[in-house]
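S.K.: So that you have it, the file is upload20.txt, and it contains compact mmCIF, C-alpha atoms:
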```
# COMPACT_ATOMS: atom_id res chain seq x y z
CA MET A 1 224.88 -16.52 135.06
CA GLY A 2 223.99 -14.93 138.36
CA LEU A 3 224.25 -11.42 136.90
CA PHE A 4 222.16 -12.46 133.88
CA GLY A 5 219.51 -13.95 136.17
CA PHE A 6 219.46 -10.75 138.24
CA TYR A 7 218.79 -8.58 135.20
CA MET A 8 216.19 -11.00 133.87
CA ARG A 9 214.31 -10.92 137.20
CA LYS A 10 214.54 -7.12 137.23
CA LEU A 11 213.24 -6.95 133.65
CA TRP A 12 210.36 -9.28 134.52
CA SER A 13 209.44 -7.21 137.59
CA ILE A 14 209.34 -4.05 135.47
CA PHE A 15 207.31 -5.82 132.78
CA LYS A 16 204.90 -7.19 135.38
CA GLY A 17 204.54 -3.89 137.22
CA GLU A 18 204.30 -1.56 134.22
CA VAL A 19 202.86 -3.56 131.32
CA LEU A 20 200.67 -6.34 132.69
CA VAL A 21 198.73 -3.93 134.93
CA LEU A 22 196.92 -2.22 132.02
CA PRO A 23 194.96 -3.90 129.20
CA SER A 24 196.01 -1.25 126.66
CA ARG A 25 199.70 -1.97 127.24
CA ILE A 26 199.10 -5.72 126.95
CA VAL A 27 197.34 -5.11 123.62
CA VAL A 28 200.30 -3.04 122.38
CA VAL A 29 202.77 -5.79 123.32
CA LEU A 30 200.63 -8.45 121.61
CA PHE A 31 200.31 -6.21 118.53
CA ILE A 32 204.10 -5.81 118.29
CA VAL A 33 204.66 -9.56 118.79
CA PHE A 34 202.07 -10.30 116.08
CA LEU A 35 203.79 -7.98 113.60
CA LEU A 36 207.23 -9.43 114.29
CA LEU A 37 206.07 -13.05 114.03
CA PHE A 38 203.62 -12.66 111.14
CA PRO A 39 206.03 -13.83 108.37
CA LEU A 40 206.64 -17.03 110.33
CA PHE A 41 203.01 -18.05 109.76
CA THR A 42 202.58 -16.94 106.15
CA ARG A 43 204.78 -15.61 103.39
CA ASP A 44 201.96 -14.85 101.01
CA PRO A 45 203.22 -11.89 98.90
CA TYR A 46 199.79 -10.24 98.82
CA LEU A 47 199.35 -10.28 102.62
CA LEU A 48 202.91 -9.08 103.18
CA ARG A 49 202.33 -6.29 100.67
CA ILE A 50 199.21 -5.16 102.56
CA PHE A 51 201.07 -5.00 105.87
CA ILE A 52 204.07 -3.26 104.32
CA LEU A 53 201.89 -0.50 102.86
CA THR A 54 199.91 -0.33 106.11
CA SER A 55 203.13 0.25 108.07
CA ILE A 56 204.23 2.97 105.64
CA PHE A 57 200.89 4.78 105.85
CA ALA A 58 200.86 4.38 109.65
CA ILE A 59 204.01 6.52 109.80
CA LEU A 60 202.32 9.09 107.55
CA ALA A 61 199.16 9.22 109.66
CA ALA A 62 201.07 9.51 112.94
CA SER A 63 203.13 12.39 111.49
CA TRP A 64 199.90 14.26 110.67
CA ASP A 65 198.67 13.71 114.23
CA LEU A 66 201.97 15.08 115.56
CA LEU A 67 201.43 18.34 113.65
CA SER A 68 197.68 18.87 113.45
CA GLY A 69 196.56 16.86 116.47
CA PHE A 70 199.02 18.05 119.09
CA THR A 71 199.93 21.51 117.78
CA GLY A 72 196.57 22.36 116.25
CA GLN A 73 198.12 23.47 112.94
CA MET A 74 195.40 22.04 110.68
CA ASN A 75 197.25 20.71 107.64
CA PHE A 76 195.08 19.65 104.67
CA GLY A 77 198.11 19.37 102.41
CA HIS A 78 200.05 16.66 104.23
CA ALA A 79 200.54 14.79 100.94
CA LEU A 80 203.15 17.46 100.12
CA PHE A 81 205.62 15.97 102.63
CA PHE A 82 204.85 12.45 101.43
CA GLY A 83 205.30 13.43 97.78
CA VAL A 84 208.49 15.43 98.37
CA GLY A 85 210.04 12.49 100.21
CA ALA A 86 208.97 10.06 97.46
CA TYR A 87 210.13 12.22 94.53
CA THR A 88 213.42 13.21 96.15
CA ALA A 89 214.29 9.61 97.00
CA ALA A 90 213.31 8.48 93.49
CA ILE A 91 215.29 11.17 91.64
CA LEU A 92 218.40 10.67 93.79
CA ASN A 93 218.20 6.92 93.35
CA LEU A 94 217.84 7.08 89.56
CA ASN A 95 220.09 10.03 88.71
CA ALA A 96 222.70 9.93 91.47
CA HIS A 97 222.52 6.14 91.98
CA ILE A 98 222.16 6.56 95.74
CA PRO A 99 220.86 3.33 97.34
CA PRO A 100 217.61 3.33 99.37
CA TRP A 101 219.41 3.57 102.72
CA GLY A 102 220.79 6.94 101.56
CA SER A 103 218.00 8.29 99.35
CA ILE A 104 215.23 7.80 101.93
CA PRO A 105 216.91 9.94 104.67
CA LEU A 106 217.77 12.57 102.06
CA GLY A 107 214.14 12.55 100.92
CA ALA A 108 213.12 13.06 104.55
CA LEU A 109 215.46 16.06 104.82
CA ALA A 110 213.91 17.50 101.65
CA ALA A 111 210.52 17.10 103.32
CA VAL A 112 211.87 19.02 106.34
CA LEU A 113 212.74 21.88 103.98
CA ALA A 114 209.21 21.62 102.59
CA GLY A 115 207.98 21.95 106.17
CA LEU A 116 209.90 25.20 106.50
CA VAL A 117 208.55 26.43 103.16
CA ILE A 118 205.01 25.81 104.36
CA GLY A 119 205.52 26.80 107.97
CA ILE A 120 207.09 30.24 107.47
CA PRO A 121 204.30 31.81 105.36
CA CYS A 122 201.59 30.07 107.41
CA LEU A 123 202.77 31.25 110.83
CA ARG A 124 200.22 34.03 111.08
CA LEU A 125 197.33 31.90 109.84
CA ARG A 126 195.11 29.62 111.86
CA GLY A 127 191.91 27.65 111.56
CA THR A 128 190.20 27.56 108.17
CA TYR A 129 192.68 29.94 106.55
CA LEU A 130 195.63 27.74 107.53
CA ALA A 131 193.89 24.59 106.30
CA LEU A 132 193.07 26.10 102.90
CA THR A 133 196.57 27.53 102.50
CA THR A 134 198.26 24.20 103.23
CA LEU A 135 195.85 22.54 100.79
CA ALA A 136 197.29 24.70 97.98
CA PHE A 137 200.91 23.56 98.33
CA PRO A 138 200.56 19.96 97.02
CA ILE A 139 198.59 21.34 94.05
CA ILE A 140 201.38 23.83 93.34
CA LEU A 141 204.01 21.08 93.53
CA MET A 142 201.93 18.89 91.22
CA GLY A 143 201.97 21.71 88.67
CA ILE A 144 205.76 21.86 88.97
CA VAL A 145 205.94 18.08 88.47
CA TYR A 146 203.94 18.37 85.24
CA ALA A 147 206.07 21.32 84.09
CA ILE A 148 209.42 19.45 84.34
CA PRO A 149 208.74 16.02 82.81
CA SER A 150 212.42 15.51 81.98
CA LEU A 151 213.21 15.35 85.71
CA THR A 152 209.95 14.22 87.33
CA GLY A 153 208.50 12.04 84.59
CA GLY A 154 205.41 14.23 84.27
CA GLU A 155 202.12 12.33 84.48
CA LEU A 156 203.89 8.94 84.37
CA GLY A 157 206.12 9.67 87.33
CA VAL A 158 209.60 8.31 88.04
CA SER A 159 209.82 4.52 87.77
CA GLY A 160 212.45 1.79 87.86
CA LEU A 161 213.71 2.54 91.36
CA ALA A 162 215.90 0.17 93.34
CA ARG A 163 214.03 -2.19 95.67
CA LEU A 164 214.27 -1.86 99.41
CA SER A 165 215.71 -5.39 99.41
CA LYS A 166 215.71 -8.55 97.31
CA SER A 167 213.14 -10.28 99.51
CA ARG A 168 209.52 -9.39 100.33
CA VAL A 169 210.02 -10.67 103.88
CA VAL A 170 213.04 -8.38 104.39
CA ASP A 171 210.96 -5.49 102.98
CA TYR A 172 208.32 -6.36 105.57
CA TYR A 173 210.74 -6.28 108.49
CA ILE A 174 212.37 -3.05 107.29
CA THR A 175 209.05 -1.20 107.13
CA VAL A 176 207.58 -2.71 110.30
CA ILE A 177 210.67 -2.04 112.42
CA LEU A 178 210.94 1.51 111.07
CA MET A 179 207.24 2.05 111.76
CA LEU A 180 207.59 0.83 115.35
CA GLY A 181 210.76 2.87 115.92
CA LEU A 182 209.50 6.11 114.38
CA SER A 183 206.11 5.78 116.08
CA THR A 184 207.86 5.35 119.43
CA ALA A 185 209.98 8.43 118.66
CA MET A 186 206.86 10.49 117.87
CA TRP A 187 205.17 9.27 121.03
CA LYS A 188 208.23 10.19 123.12
CA ILE A 189 208.27 13.66 121.52
CA THR A 190 204.64 14.23 122.48
CA ASP A 191 205.36 12.95 126.00
CA SER A 192 208.30 15.33 126.47
CA ASN A 193 208.40 19.02 127.41
CA THR A 194 208.27 19.84 123.70
CA GLY A 195 205.07 17.83 123.36
CA ILE A 196 203.54 19.68 126.31
CA ILE A 197 204.31 22.99 124.60
CA PHE A 198 202.80 21.67 121.34
CA HIS A 199 199.63 20.80 123.21
CA ALA A 200 199.58 24.15 124.99
CA ILE A 201 199.86 25.98 121.64
CA ARG A 202 196.87 23.98 120.42
CA GLU A 203 194.79 24.92 123.47
CA ASP A 204 195.73 28.61 123.88
CA GLU A 205 198.60 30.05 121.87
CA LEU A 206 198.18 33.52 123.36
CA ALA A 207 198.67 32.19 126.90
CA VAL A 208 201.79 30.31 125.81
CA ARG A 209 203.25 33.47 124.29
CA ALA A 210 202.39 35.38 127.45
CA ALA A 211 204.41 32.79 129.39
CA GLY A 212 207.50 33.82 127.40
CA ILE A 213 207.65 30.83 125.05
CA ASN A 214 208.57 31.43 121.42
CA THR A 215 205.55 29.83 119.72
CA THR A 216 206.89 30.62 116.25
CA ARG A 217 209.91 28.41 116.82
CA TYR A 218 207.82 25.54 118.16
CA LYS A 219 205.31 25.70 115.32
CA LEU A 220 208.15 25.59 112.80
CA LEU A 221 209.63 22.67 114.73
CA ALA A 222 206.29 20.85 114.51
CA PHE A 223 206.14 21.39 110.73
CA CYS A 224 209.71 20.15 110.31
CA LEU A 225 209.30 17.08 112.52
CA SER A 226 206.06 16.14 110.81
CA GLY A 227 207.68 16.67 107.42
CA PHE A 228 210.62 14.46 108.37
CA PHE A 229 208.50 11.48 109.40
CA ALA A 230 206.14 11.89 106.44
CA GLY A 231 209.18 12.15 104.15
CA VAL A 232 210.52 8.85 105.47
CA SER A 233 207.18 7.21 104.69
CA GLY A 234 207.21 8.73 101.20
CA GLY A 235 210.70 7.41 100.49
CA LEU A 236 209.75 3.95 101.74
CA TYR A 237 206.66 3.99 99.54
CA ALA A 238 208.63 5.04 96.44
CA HIS A 239 211.25 2.31 96.85
CA PHE A 240 208.74 -0.39 97.73
CA MET A 241 206.41 0.42 94.81
CA ARG A 242 209.46 1.33 92.65
CA ILE A 243 207.67 4.45 91.41
CA ALA A 244 207.01 8.01 92.52
CA GLY A 245 204.11 9.61 90.67
CA PRO A 246 201.59 12.44 90.95
CA SER A 247 199.30 10.14 92.99
CA THR A 248 201.56 10.80 96.00
CA LEU A 249 200.55 14.49 95.84
CA GLU A 250 196.82 14.12 95.26
CA VAL A 251 194.35 15.93 97.50
CA SER A 252 192.63 12.62 98.21
CA MET A 253 195.83 11.39 99.88
CA SER A 254 195.78 14.31 102.31
CA PHE A 255 192.13 13.80 103.22
CA THR A 256 192.60 10.04 103.61
CA VAL A 257 195.23 10.75 106.26
CA VAL A 258 192.79 13.05 108.07
CA ILE A 259 190.09 10.35 107.98
CA TRP A 260 192.49 7.79 109.45
CA CYS A 261 193.43 10.08 112.34
CA VAL A 262 189.87 11.15 113.14
CA PHE A 263 188.73 7.50 113.02
CA GLY A 264 191.44 6.29 115.39
CA GLY A 265 191.53 9.31 117.68
CA ILE A 266 193.38 12.63 117.35
CA VAL A 267 196.10 13.68 119.83
CA THR A 268 197.12 10.11 120.60
CA ILE A 269 199.65 8.92 117.96
CA TYR A 270 198.57 5.35 118.68
CA GLY A 271 195.05 6.16 117.44
CA ALA A 272 196.31 7.10 113.98
CA ILE A 273 198.44 3.95 113.77
CA GLY A 274 195.62 1.70 114.95
CA ALA A 275 193.19 3.28 112.49
CA VAL A 276 195.50 2.61 109.53
CA PHE A 277 195.93 -1.02 110.60
CA ILE A 278 192.12 -1.35 110.71
CA LEU A 279 190.99 0.68 107.70
CA PHE A 280 193.70 0.03 105.11
CA PRO A 281 193.47 -3.80 105.26
CA LEU A 282 189.67 -3.50 105.44
CA LEU A 283 189.63 -1.44 102.25
CA GLU A 284 191.93 -3.96 100.56
CA PHE A 285 189.79 -6.95 101.53
CA LEU A 286 186.64 -5.17 100.34
CA ARG A 287 188.07 -5.21 96.81
CA PHE A 288 186.30 -8.55 96.46
CA TRP A 289 183.02 -6.56 96.46
CA PRO A 290 183.97 -3.60 94.24
CA GLU A 291 180.39 -2.33 93.83
CA PHE A 292 179.92 -2.03 97.64
CA ARG A 293 183.52 -1.28 98.61
CA MET A 294 183.37 2.48 99.13
CA LEU A 295 179.81 2.33 100.50
CA MET A 296 180.78 -0.12 103.25
CA PHE A 297 183.91 1.90 104.02
CA ALA A 298 181.84 5.09 104.35
CA VAL A 299 179.30 3.34 106.62
CA VAL A 300 182.07 2.20 108.98
CA ILE A 301 183.52 5.72 109.16
CA LEU A 302 180.13 7.33 109.78
CA LEU A 303 179.22 4.88 112.56
CA ILE A 304 182.49 5.58 114.37
CA LEU A 305 182.10 9.36 114.04
CA LEU A 306 178.49 9.24 115.26
CA TYR A 307 178.94 7.01 118.29
CA MET A 308 182.63 7.52 119.10
CA PRO A 309 183.39 11.19 118.31
CA GLU A 310 186.75 11.08 120.12
CA GLY A 311 187.89 8.15 117.98
CA LEU A 312 187.70 4.38 118.17
CA LEU A 313 190.81 3.62 120.22
CA PRO A 314 190.32 6.28 122.95
CA TRP A 315 186.71 5.07 123.28
CA VAL A 316 187.84 1.46 123.73
CA ARG A 317 190.56 2.49 126.17
CA ASP A 318 188.11 4.45 128.30
CA LYS A 319 185.89 1.36 128.48
CA ILE A 320 188.61 -0.94 129.78
CA GLU A 321 190.57 1.56 131.89
CA THR A 322 189.82 4.39 134.26
CA GLU A 323 191.89 7.32 135.49
CA CYS A 324 192.52 7.94 139.18
CA PRO A 325 191.01 11.31 140.19
CA ARG A 326 193.85 11.93 142.65
CA CYS A 327 197.15 10.90 141.01
CA LYS A 328 195.88 10.68 137.37
CA VAL A 329 197.35 7.19 136.92
CA ARG A 330 195.36 4.81 134.69
CA ASN A 331 193.95 1.62 136.19
CA MET A 332 191.95 -1.34 134.99
CA ALA A 333 188.24 -0.52 134.92
CA THR A 334 187.50 -3.46 137.25
CA ARG A 335 189.62 -2.07 140.10
CA LYS A 336 187.93 -0.37 143.05
CA THR A 337 191.03 1.49 144.27
CA CYS A 338 194.02 3.07 142.53
CA ARG A 339 197.07 0.79 142.17
CA ILE A 340 199.38 3.68 143.16
CA CYS A 341 197.70 5.93 145.73
CA THR A 342 194.86 3.55 146.78
CA ALA A 343 192.25 6.29 146.24
CA ARG A 344 188.74 5.09 145.46
CA LEU A 345 187.89 4.89 141.77
CA ASP A 346 184.34 6.07 141.09
```
As structure tokens, please, write out the structure in this file.

M.R.:
Amino acid sequence: MGLFGFYMRKLWSIFKGEVLVLPSRIVVVLFIVFLLLFPLFTRDPYLLRIFILTSIFAILAASWDLLSGFTGQMNFGHALFFGVGAYTAAILNLNAHIPPWGSIPLGALAAVLAGLVIGIPCLRLRGTYLALTTLAFPIILMGIVYAIPSLTGGELGVSGLARLSKSRVVDYYITVILMLGLSTAMWKITDSNTGIIFHAIREDELAVRAAGINTTRYKLLAFCLSGFFAGVSGGLYAHFMRIAGPSTLEVSMSFTVVIWCVFGGIVTIYGAIGAVFILFPLLEFLRFWPEFRMLMFAVVILLILLYMPEGLLPWVRDKIETECPRCKVRNMATRKTCRICTARLD
């Protein structure tokens, strides 16, 4: 009991000193608690379905930010990874009778291979040329899907997949926990030495190469990592909806992901996730006004882009927190001195 109490006091001191000192971290903790406790308050299938799809698309949006936001490899064909993961999981589940816990990781590995297929020919491209080239790959794959209807189902897609579980609540916890775990993994990658190199490539690739770093290897790594996480989201989507169709490869899917990331804030990971949890439920609830649905959605996006060009969540964070000019540690905006080095906060 004494040892347990010691560790509990130590855990509380860490929580108090690292989490409760910043509003953004408190919001993250409350957000996680809300997601984990949500089924205890309502088990409405429609609401659970919205949050399940939101969690799946949050993984997809964060994977785009990992590639295009941090590395600067502008990918307008991100639906390719999503579609490859969905179709691979669906075909393996139907033809090889592999359950979801096996077909989803295999779909993610297929998306990693798709990342290599895209990354290798696009290594020498950048900017507009890279964006247009990546845009072509989902269209090419869609043509292949239509050309092999015996395997891919053609325009109808592959249907009749096994469910993630027998319960909507269990589906909810599977997707939410995976979303939280994979998002944390992506955030840790961007906060590591690899993430620093990704960011450096985005800012000045020539300087990174002059420093002796193999930028080709790191750009391929970014494509593969992004493909893996997007492939997981595609496999989850296929098994939850029990279908993998051409809609997973549409150009509109790729541009929707870009809109989510720009809305929430690029080069943050958390911005993409927060944007999906704001915009996807908003778009669902606006179905009650179908004639104004897309108009209201467009107005919200335009207002954010006009008045918060860096994204909604970074703008909010800058309003409630400030960075110390000396030690670069973030503090509450109401503080007069830094909580670490006691320097004055202007």

S.K.: One decimal, Å: what's the distance from CA of Ala238 (chain A) over to CA of Ala86 (chain A), could you say?

M.R.: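 Here the two named atoms are 5.1 Å from each other.
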
S.K.: Excluding region 53-65 of chain A and its own-chain neighbours fewer than 6 positions away, which residues fall within 6 Å of it when counting only C-alpha atoms? Please give them as a list in words.

M.R.: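 So, after excluding close chain neighbours, the residues are Val176, Met179, Ser226, Phe229, Ala230, Ser233, Val257, Ile269, Ala272, Ile273 and Val276 of chain A.
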
S.K.: Using all atoms listed in the file, find each residue of region 245-325 of chain A with at least one atom at most 10 Å away from an atom of region 132-143 of chain A; report its shortest atom-to-atom pair and that distance in Å (one decimal), sort the rows by chain and rising residue number, and return the result as a Markdown table.

M.R.:
```
| residue | atom | partner | partner_atom | distance |
| --- | --- | --- | --- | --- |
| A:Gly245 | CA | A:Met142 | CA | 9.5 |
| A:Pro246 | CA | A:Met142 | CA | 6.5 |
| A:Ser247 | CA | A:Met142 | CA | 9.3 |
| A:Thr248 | CA | A:Pro138 | CA | 9.3 |
| A:Leu249 | CA | A:Pro138 | CA | 5.6 |
| A:Glu250 | CA | A:Pro138 | CA | 7.2 |
| A:Val251 | CA | A:Pro138 | CA | 7.4 |
| A:Ser254 | CA | A:Leu135 | CA | 8.4 |
| A:Phe255 | CA | A:Leu135 | CA | 9.8 |
```

S.K.: Compare A:Pro314, A:Pro309, A:Gly264, A:Pro281 by their minimum atom-to-atom distance to Leu47 (chain A), counting all atoms listed in the file, and give me the closest one.

M.R.: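 Under the stated criterion, the closest residue is A:Pro281.
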
S.K.: As an exercise, work out the distance from CA of Gly69 (chain A) to CA of Ile266 (chain A) in Å and give it to one decimal place.

M.R.: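 Taking CA of Gly69 (chain A) and CA of Ile266 (chain A), their separation equals 5.4 Å.
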
S.K.: Any idea what's packed within 12 Å of Leu94 (chain A), counting only C-alpha atoms, ignoring anything in its chain fewer than 5 positions away? Could you give it as an MDAnalysis selection string?

M.R.: chainID A and resid 87:89 99:100 103 151:153 158:163 238:239 242:244

S.K.: Check the smallest atom-to-atom distance from each of A:Leu164, A:Ala131, A:Ile320, A:Ala111 to Phe228 (chain A) using only C-alpha atoms, then report the winner.

M.R.: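 Using only C-alpha atoms, Phe228 (chain A) sits closest to A:Ala111.
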
S.K.: Identify which of the residues A:Leu67, A:Ile213, A:Ile301, A:Leu236 lies closest to Trp260 (chain A), counting only C-alpha atoms when measuring atom-to-atom distances.

M.R.: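 Checking each candidate against Trp260 (chain A), we get A:Ile301 as the closest.
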
S.K.: When you look at Trp315 (chain A) with a cut-off of 12 Å (counting all atoms listed in the file), what residues show up, excluding the ones that are within fewer than 4 positions of it in the same chain? I need them as a PyMOL selection string.

M.R.: chain A and resi 24+263-266+268+271+304-305+307-311+319-322

S.K.: Would you mind listing what lies within 12 Å of Leu37 (chain A) as a list in words, with all atoms listed in the file counted and same-chain residues fewer than 4 positions away left out?

M.R.: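 Result of the neighbour search: Leu30, Phe31, Ile32, Val33, Phe41, Thr42, Arg43, Leu48, Val169, Tyr172, Tyr173 and Val176 of chain A.
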
S.K.: Measuring between all atoms listed in the file, which one of A:Arg168, A:Arg317, A:His199, A:Lys336 shows the shortest distance to Pro23 (chain A)?

M.R.: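 Of A:Arg168, A:Arg317, A:His199, A:Lys336, the one nearest Pro23 (chain A), counting all atoms listed in the file, is A:Arg317.
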
S.K.: Could you check how far CA of Phe277 (chain A) sits from CA of Ile52 (chain A), in Å to one decimal?

M.R.: 10.5 Å

S.K.: Looking at A:Ser167, A:Thr175, A:Ser192, A:Gln73, which one is nearest to Glu205 (chain A), with distances taken over all atoms listed in the file?

M.R.: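 Among the listed residues, A:Gln73 lies closest to Glu205 (chain A).
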
S.K.: Skipping near chain neighbours, those fewer than 5 positions away, what residues fall within 10 Å of Leu345 (chain A) using all atoms listed in the file, listed as a list in words?

M.R.: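 Everything that qualifies: Thr322, Glu323, Cys324, Pro325, Arg326, Asn331, Ala333, Thr334, Arg335, Lys336, Thr337 and Cys338 of chain A.
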
S.K.: Which residue is closest to Val29 (chain A)? Choose from A:Val262, A:Thr256, A:Phe15, A:Arg9 and count only C-alpha atoms.

M.R.: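 Checking each candidate against Val29 (chain A), we get A:Phe15 as the closest.
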
S.K.: Taking a cut-off of 9 Å and counting only C-alpha atoms, can you build a table that, for each residue of region 211-269 of chain A near region 117-129 of chain A, reports the nearest atom pair and how far apart they are in Å (one decimal), sorted by chain then residue number, as JSON lines?

M.R.:
```
{"residue": "A:Thr216", "atom": "CA", "partner": "A:Leu123", "partner_atom": "CA", "distance": 6.8}
{"residue": "A:Lys219", "atom": "CA", "partner": "A:Gly119", "partner_atom": "CA", "distance": 7.4}
{"residue": "A:Leu220", "atom": "CA", "partner": "A:Gly119", "partner_atom": "CA", "distance": 5.6}
{"residue": "A:Leu221", "atom": "CA", "partner": "A:Gly119", "partner_atom": "CA", "distance": 8.9}
{"residue": "A:Ala222", "atom": "CA", "partner": "A:Gly119", "partner_atom": "CA", "distance": 8.9}
{"residue": "A:Phe223", "atom": "CA", "partner": "A:Gly119", "partner_atom": "CA", "distance": 6.1}
{"residue": "A:Cys224", "atom": "CA", "partner": "A:Gly119", "partner_atom": "CA", "distance": 8.2}
```

S.K.: Just write region 231-250 of chain A with N, CA and C atoms, as a short mmCIF file (atom, residue, chain, number, x, y, z; two decimals), in the first residue's frame, taken from the block above.

M.R.:
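The file below, selection_17.cif, is the result:
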```cif
data_model
loop_
_atom_site.label_atom_id
_atom_site.label_comp_id
_atom_site.auth_asym_id
_atom_site.auth_seq_id
_atom_site.Cartn_x
_atom_site.Cartn_y
_atom_site.Cartn_z
N GLY A 231 -3.48 3.74 -44.44
CA GLY A 231 -3.96 2.39 -44.75
C GLY A 231 -4.73 1.78 -43.60
N VAL A 232 -4.29 2.04 -42.37
CA VAL A 232 -5.04 1.57 -41.20
C VAL A 232 -6.43 2.19 -41.18
N SER A 233 -6.51 3.49 -41.46
CA SER A 233 -7.82 4.15 -41.47
C SER A 233 -8.70 3.59 -42.59
N GLY A 234 -8.10 3.29 -43.74
CA GLY A 234 -8.88 2.70 -44.83
C GLY A 234 -9.42 1.32 -44.49
N GLY A 235 -8.60 0.49 -43.84
CA GLY A 235 -9.05 -0.83 -43.42
C GLY A 235 -10.16 -0.75 -42.39
N LEU A 236 -10.02 0.17 -41.43
CA LEU A 236 -11.08 0.37 -40.43
C LEU A 236 -12.38 0.80 -41.10
N TYR A 237 -12.26 1.72 -42.05
CA TYR A 237 -13.45 2.21 -42.76
C TYR A 237 -14.15 1.07 -43.52
N ALA A 238 -13.36 0.24 -44.20
CA ALA A 238 -13.94 -0.85 -44.99
C ALA A 238 -14.69 -1.83 -44.10
N HIS A 239 -14.10 -2.19 -42.98
CA HIS A 239 -14.74 -3.18 -42.10
C HIS A 239 -15.90 -2.57 -41.32
N PHE A 240 -15.84 -1.30 -41.02
CA PHE A 240 -16.97 -0.70 -40.32
C PHE A 240 -18.16 -0.52 -41.26
N MET A 241 -17.90 -0.01 -42.47
CA MET A 241 -18.98 0.18 -43.44
C MET A 241 -19.33 -1.11 -44.16
N ARG A 242 -18.46 -2.13 -44.04
CA ARG A 242 -18.63 -3.44 -44.67
C ARG A 242 -18.63 -3.35 -46.20
N ILE A 243 -17.91 -2.35 -46.72
CA ILE A 243 -17.79 -2.19 -48.16
C ILE A 243 -16.54 -1.38 -48.47
N ALA A 244 -15.90 -1.71 -49.58
CA ALA A 244 -14.79 -0.91 -50.11
C ALA A 244 -15.10 -0.63 -51.57
N GLY A 245 -15.37 0.63 -51.88
CA GLY A 245 -15.78 0.99 -53.23
C GLY A 245 -14.93 2.10 -53.83
N PRO A 246 -15.22 2.47 -55.06
CA PRO A 246 -14.45 3.54 -55.72
C PRO A 246 -14.51 4.88 -55.00
N SER A 247 -15.51 5.08 -54.12
CA SER A 247 -15.61 6.35 -53.39
C SER A 247 -14.39 6.59 -52.50
N THR A 248 -13.71 5.50 -52.09
CA THR A 248 -12.52 5.66 -51.25
C THR A 248 -11.33 6.19 -52.04
N LEU A 249 -11.43 6.23 -53.37
CA LEU A 249 -10.33 6.70 -54.21
C LEU A 249 -10.65 8.02 -54.92
N GLU A 250 -11.82 8.59 -54.64
CA GLU A 250 -12.23 9.79 -55.36
C GLU A 250 -11.33 10.98 -55.03
#
```
